[in-house]
file protein_1.txt (compact mmCIF, N, CA and C atoms and all ligand atoms)
# COMPACT_ATOMS: atom_id res chain seq x y z
N MET A 1 139.98 84.40 102.77
CA MET A 1 140.51 84.77 101.45
C MET A 1 139.55 84.29 100.36
N ALA A 2 139.25 85.14 99.48
CA ALA A 2 138.38 84.76 98.37
C ALA A 2 138.70 85.65 97.18
N VAL A 3 138.35 85.18 96.02
CA VAL A 3 138.64 85.92 94.79
C VAL A 3 137.38 86.63 94.31
N CYS A 4 137.48 87.91 94.05
CA CYS A 4 136.36 88.70 93.54
C CYS A 4 135.93 88.17 92.17
N GLU A 5 134.63 87.94 92.02
CA GLU A 5 134.17 87.36 90.75
C GLU A 5 134.10 88.39 89.62
N VAL A 6 134.26 89.66 89.95
CA VAL A 6 134.24 90.68 88.90
C VAL A 6 135.65 90.97 88.38
N CYS A 7 136.57 91.29 89.29
CA CYS A 7 137.89 91.73 88.84
C CYS A 7 138.98 90.70 89.10
N GLY A 8 138.64 89.63 89.84
CA GLY A 8 139.62 88.58 90.07
C GLY A 8 140.62 88.87 91.15
N ASN A 9 140.42 89.95 91.88
CA ASN A 9 141.34 90.30 92.96
C ASN A 9 141.22 89.32 94.11
N ASP A 10 142.35 88.83 94.59
CA ASP A 10 142.39 87.92 95.73
C ASP A 10 142.62 88.76 96.98
N TYR A 11 141.57 88.93 97.78
CA TYR A 11 141.61 89.94 98.83
C TYR A 11 141.15 89.36 100.14
N ASP A 12 141.85 89.66 101.22
CA ASP A 12 141.50 89.03 102.50
C ASP A 12 140.29 89.65 103.17
N LYS A 13 139.80 90.78 102.65
CA LYS A 13 138.60 91.39 103.23
C LYS A 13 137.43 91.32 102.24
N SER A 14 137.42 90.28 101.46
CA SER A 14 136.31 90.08 100.52
C SER A 14 135.03 89.78 101.30
N PHE A 15 133.89 89.92 100.63
CA PHE A 15 132.62 89.63 101.29
C PHE A 15 131.67 88.97 100.30
N ASP A 16 130.67 88.31 100.86
CA ASP A 16 129.70 87.60 100.03
C ASP A 16 128.36 88.34 100.03
N VAL A 17 127.70 88.30 98.89
CA VAL A 17 126.35 88.83 98.79
C VAL A 17 125.47 87.71 98.24
N THR A 18 124.39 87.43 98.95
CA THR A 18 123.45 86.41 98.47
C THR A 18 122.24 87.10 97.87
N LEU A 19 121.99 86.78 96.60
CA LEU A 19 120.90 87.41 95.89
C LEU A 19 120.11 86.34 95.15
N GLU A 20 118.82 86.27 95.45
CA GLU A 20 117.94 85.30 94.82
C GLU A 20 118.52 83.88 94.87
N GLY A 21 119.11 83.52 96.00
CA GLY A 21 119.54 82.16 96.23
C GLY A 21 120.96 81.83 95.80
N SER A 22 121.63 82.73 95.06
CA SER A 22 123.01 82.44 94.71
C SER A 22 123.95 83.42 95.40
N THR A 23 125.11 82.93 95.76
CA THR A 23 126.06 83.73 96.51
C THR A 23 127.17 84.24 95.59
N HIS A 24 127.45 85.52 95.73
CA HIS A 24 128.50 86.15 94.93
C HIS A 24 129.58 86.69 95.86
N THR A 25 130.81 86.63 95.40
CA THR A 25 131.93 87.08 96.21
C THR A 25 132.61 88.28 95.56
N PHE A 26 132.82 89.32 96.38
CA PHE A 26 133.42 90.55 95.86
C PHE A 26 134.50 91.06 96.80
N ASP A 27 135.39 91.87 96.25
CA ASP A 27 136.41 92.49 97.08
C ASP A 27 136.06 93.94 97.42
N SER A 28 135.03 94.48 96.77
CA SER A 28 134.68 95.87 97.01
C SER A 28 133.23 96.11 96.63
N PHE A 29 132.65 97.17 97.19
CA PHE A 29 131.27 97.51 96.83
C PHE A 29 131.20 97.93 95.37
N GLU A 30 132.24 98.53 94.88
CA GLU A 30 132.25 98.93 93.47
C GLU A 30 132.03 97.72 92.57
N CYS A 31 132.72 96.63 92.87
CA CYS A 31 132.56 95.41 92.07
C CYS A 31 131.16 94.81 92.28
N ALA A 32 130.66 94.85 93.53
CA ALA A 32 129.33 94.31 93.81
C ALA A 32 128.27 95.08 93.03
N ILE A 33 128.39 96.40 93.01
CA ILE A 33 127.44 97.23 92.27
C ILE A 33 127.53 96.91 90.78
N HIS A 34 128.74 96.79 90.29
CA HIS A 34 128.93 96.49 88.87
C HIS A 34 128.20 95.20 88.49
N ALA A 35 128.26 94.20 89.36
CA ALA A 35 127.70 92.90 89.04
C ALA A 35 126.21 92.79 89.34
N LEU A 36 125.76 93.45 90.40
CA LEU A 36 124.42 93.17 90.92
C LEU A 36 123.42 94.30 90.81
N ALA A 37 123.86 95.54 90.79
CA ALA A 37 122.90 96.65 90.82
C ALA A 37 122.08 96.69 89.54
N PRO A 38 120.77 96.84 89.67
CA PRO A 38 119.94 96.99 88.46
C PRO A 38 120.20 98.33 87.80
N THR A 39 119.79 98.45 86.55
CA THR A 39 119.94 99.74 85.87
C THR A 39 118.57 100.37 85.68
N CYS A 40 118.53 101.69 85.74
CA CYS A 40 117.29 102.44 85.54
C CYS A 40 116.76 102.19 84.12
N SER A 41 115.46 101.89 84.02
CA SER A 41 114.88 101.61 82.71
C SER A 41 114.80 102.84 81.83
N HIS A 42 114.97 104.01 82.40
CA HIS A 42 114.91 105.24 81.60
C HIS A 42 116.29 105.79 81.26
N CYS A 43 117.08 106.08 82.28
CA CYS A 43 118.36 106.77 82.01
C CYS A 43 119.55 105.81 82.00
N GLY A 44 119.35 104.56 82.46
CA GLY A 44 120.42 103.58 82.36
C GLY A 44 121.46 103.64 83.46
N CYS A 45 121.29 104.53 84.42
CA CYS A 45 122.28 104.60 85.49
C CYS A 45 122.08 103.45 86.47
N ARG A 46 123.08 103.13 87.23
CA ARG A 46 122.99 102.07 88.22
C ARG A 46 122.10 102.52 89.37
N VAL A 47 121.16 101.66 89.74
CA VAL A 47 120.30 101.98 90.87
C VAL A 47 120.93 101.41 92.14
N ILE A 48 121.56 102.27 92.91
CA ILE A 48 122.21 101.80 94.13
C ILE A 48 121.52 102.36 95.37
N GLY A 49 120.49 103.15 95.18
CA GLY A 49 119.67 103.58 96.32
C GLY A 49 118.44 102.70 96.37
N HIS A 50 117.37 103.22 96.91
CA HIS A 50 116.14 102.44 97.00
C HIS A 50 115.52 102.24 95.62
N GLY A 51 115.51 103.29 94.82
CA GLY A 51 114.90 103.20 93.51
C GLY A 51 113.39 103.06 93.62
N VAL A 52 112.73 103.04 92.49
CA VAL A 52 111.29 102.79 92.46
C VAL A 52 111.03 101.72 91.41
N GLU A 53 109.97 100.94 91.60
CA GLU A 53 109.71 99.80 90.76
C GLU A 53 108.26 99.80 90.30
N SER A 54 108.04 99.45 89.04
CA SER A 54 106.67 99.35 88.54
C SER A 54 106.63 98.33 87.42
N ASP A 55 105.71 97.37 87.50
CA ASP A 55 105.55 96.36 86.46
C ASP A 55 106.86 95.66 86.13
N GLY A 56 107.69 95.42 87.12
CA GLY A 56 108.94 94.72 86.91
C GLY A 56 110.06 95.58 86.34
N ARG A 57 109.75 96.85 86.09
CA ARG A 57 110.80 97.76 85.64
C ARG A 57 111.29 98.58 86.82
N ILE A 58 112.57 98.88 86.81
CA ILE A 58 113.17 99.60 87.93
C ILE A 58 113.69 100.94 87.43
N PHE A 59 113.44 101.95 88.22
CA PHE A 59 113.91 103.30 87.91
C PHE A 59 114.70 103.85 89.08
N CYS A 60 115.64 104.76 88.76
CA CYS A 60 116.46 105.31 89.83
C CYS A 60 115.69 106.33 90.65
N CYS A 61 114.65 106.90 90.06
CA CYS A 61 113.88 107.92 90.78
C CYS A 61 112.50 108.06 90.15
N ALA A 62 111.60 108.73 90.85
CA ALA A 62 110.23 108.90 90.35
C ALA A 62 110.22 109.71 89.05
N HIS A 63 111.16 110.63 88.90
CA HIS A 63 111.22 111.43 87.68
C HIS A 63 111.42 110.54 86.46
N CYS A 64 112.35 109.60 86.54
CA CYS A 64 112.61 108.71 85.41
C CYS A 64 111.38 107.83 85.13
N ALA A 65 110.71 107.37 86.17
CA ALA A 65 109.49 106.58 86.00
C ALA A 65 108.45 107.39 85.25
N GLY A 66 108.32 108.65 85.63
CA GLY A 66 107.36 109.53 84.98
C GLY A 66 107.69 109.72 83.51
N GLN A 67 108.98 109.81 83.18
CA GLN A 67 109.42 109.99 81.80
C GLN A 67 109.04 108.77 80.95
N GLU A 68 108.90 107.61 81.58
CA GLU A 68 108.54 106.39 80.88
C GLU A 68 107.03 106.14 80.95
N GLY A 69 106.30 107.12 81.41
CA GLY A 69 104.85 107.00 81.42
C GLY A 69 104.27 106.29 82.63
N VAL A 70 105.10 106.06 83.65
CA VAL A 70 104.61 105.44 84.88
C VAL A 70 104.19 106.56 85.83
N ALA A 71 102.91 106.63 86.09
CA ALA A 71 102.41 107.71 86.93
C ALA A 71 102.21 107.25 88.36
N GLY A 72 102.27 108.17 89.26
CA GLY A 72 101.89 107.90 90.66
C GLY A 72 102.97 107.33 91.53
N LEU A 73 104.20 107.20 91.01
CA LEU A 73 105.28 106.72 91.86
C LEU A 73 105.93 107.89 92.60
N GLN A 74 106.32 107.60 93.81
CA GLN A 74 107.03 108.62 94.57
C GLN A 74 108.33 108.03 95.07
N ASP A 75 109.33 108.89 95.21
CA ASP A 75 110.59 108.42 95.76
C ASP A 75 110.37 107.90 97.17
N ARG A 76 110.93 106.73 97.44
CA ARG A 76 110.86 106.19 98.79
C ARG A 76 112.04 106.69 99.58
N ALA A 77 111.78 107.30 100.68
CA ALA A 77 112.88 107.85 101.48
C ALA A 77 113.24 106.89 102.60
ZN ZN B 101 136.60 93.19 92.45
ZN ZN B 102 116.99 107.12 85.94
call {"tool": "encode", "arguments": {"input": "protein_1.txt", "output": "structure tokens"}}
result
Amino acid sequence: MAVCEVCGNDYDKSFDVTLEGSTHTFDSFECAIHALAPTCSHCGCRVIGHGVESDGRIFCCAHCAGQEGVAGLQDRA
């Protein structure tokens, strides 16, 4: 039993995610995404797939990276 750190739900099927050395507890992937998923530097959507990264900026897809002037990135499949 653990309490979700996003919505406060006390749920018996909660799970932990360890990211950069700290552990977070959630009751659902929706809450985990809300708390942990990075946002695309161009369109602002949550990056929950592989995404692409350049110079510390994260984009949801190569198209968004291109819109921000980052050339040569390709979607990782
Ligand atoms: Zn929750
Ligand atoms: Zn995007």
call {"tool": "closest_atom_pairs", "arguments": {"input": "protein_1.txt", "of": "chain A", "to": "ligand ZN 101 (chain B)", "cutoff": "6.5 Å", "atoms": "all atoms listed in the file", "output": "CSV"}}
result
residue,atom,partner,partner_atom,distance
A:Cys4,CA,B:ZN101,ZN,4.6
A:Glu5,N,B:ZN101,ZN,5.6
A:Val6,C,B:ZN101,ZN,4.7
A:Cys7,N,B:ZN101,ZN,3.7
A:Gly8,N,B:ZN101,ZN,4.9
A:Asn9,N,B:ZN101,ZN,5.0
A:Phe26,C,B:ZN101,ZN,5.3
A:Asp27,N,B:ZN101,ZN,4.2
A:Ser28,N,B:ZN101,ZN,4.8
A:Glu30,C,B:ZN101,ZN,6.4
A:Cys31,CA,B:ZN101,ZN,4.6
A:Ala32,N,B:ZN101,ZN,6.3
call {"tool": "closest_residue", "arguments": {"input": "protein_1.txt", "among": "A:Cys64, A:Leu19, A:Leu73, A:Leu36", "to": "ligand ZN 102 (chain B)", "atoms": "only C-alpha atoms and all ligand atoms"}}
result
A:Cys64
call {"tool": "atom_distance", "arguments": {"input": "protein_1.txt", "atom1": "atom CA of Val17 of chain A", "atom2": "atom CA of Gly51 of chain A"}}
result
19.1 Å
call {"tool": "atom_distance", "arguments": {"input": "protein_1.txt", "atom1": "atom CA of Ala2 of chain A", "atom2": "atom CA of Ser14 of chain A"}}
result
6.1 Å
call {"tool": "axis_aligned_box", "arguments": {"input": "protein_1.txt", "around": "segment 11-29 of chain A", "padding_each_side": "3 Å", "output": "JSON"}}
result
{"center_x": 129.9, "center_y": 89.9, "center_z": 99.0, "size_x": 29.9, "size_y": 22.1, "size_z": 14.5}
call {"tool": "residues_near_ligand", "arguments": {"input": "protein_1.txt", "ligand": "ligand ZN 102 (chain B)", "cutoff": "6.5 Å", "atoms": "all atoms listed in the file", "output": "CSV table (one decimal) with N, CA and C atoms, in the frame of the given file"}}
result
chain,number,residue,atom,x,y,z
A,40,CYS,N,118.5,101.7,85.7
A,40,CYS,CA,117.3,102.4,85.5
A,40,CYS,C,116.8,102.2,84.1
A,41,SER,N,115.5,101.9,84.0
A,41,SER,CA,114.9,101.6,82.7
A,41,SER,C,114.8,102.8,81.8
A,42,HIS,N,115.0,104.0,82.4
A,42,HIS,CA,114.9,105.2,81.6
A,42,HIS,C,116.3,105.8,81.3
A,43,CYS,N,117.1,106.1,82.3
A,43,CYS,CA,118.4,106.8,82.0
A,43,CYS,C,119.6,105.8,82.0
A,44,GLY,N,119.4,104.6,82.5
A,44,GLY,CA,120.4,103.6,82.4
A,44,GLY,C,121.5,103.6,83.5
A,45,CYS,N,121.3,104.5,84.4
A,45,CYS,CA,122.3,104.6,85.5
A,45,CYS,C,122.1,103.4,86.5
A,59,PHE,N,113.4,102.0,88.2
A,59,PHE,CA,113.9,103.3,87.9
A,59,PHE,C,114.7,103.8,89.1
A,60,CYS,N,115.6,104.8,88.8
A,60,CYS,CA,116.5,105.3,89.8
A,60,CYS,C,115.7,106.3,90.6
A,61,CYS,N,114.6,106.9,90.1
A,61,CYS,CA,113.9,107.9,90.8
A,61,CYS,C,112.5,108.1,90.2
A,64,CYS,N,112.4,109.6,86.5
A,64,CYS,CA,112.6,108.7,85.4
A,64,CYS,C,111.4,107.8,85.1
A,65,ALA,N,110.7,107.4,86.2
A,65,ALA,CA,109.5,106.6,86.0
A,65,ALA,C,108.4,107.4,85.2
call {"tool": "select_by_dssp", "arguments": {"input": "protein_1.txt", "residues": "chain A", "states": "strand (DSSP E)", "output": "VMD selection string"}}
result
chain A and resid 2 to 3 10 to 11 15 to 19 22 to 26 52 to 54 57 to 59
call {"tool": "atom_distance", "arguments": {"input": "protein_1.txt", "atom1": "atom N of Ala37 of chain A", "atom2": "atom N of Gly56 of chain A"}}
result
16.6 Å
call {"tool": "select_by_dssp", "arguments": {"input": "protein_1.txt", "residues": "chain A", "states": "alpha helix (DSSP H)", "output": "PyMOL selection string"}}
result
chain A and resi 29-36+62-67
call {"tool": "residues_around", "arguments": {"input": "protein_1.txt", "residues": "Pro38 of chain A", "least_positions_apart": "6", "cutoff": "6.5 Å", "atoms": "only N, CA and C atoms", "output": "PyMOL selection string"}}
result
chain A and resi 45-48
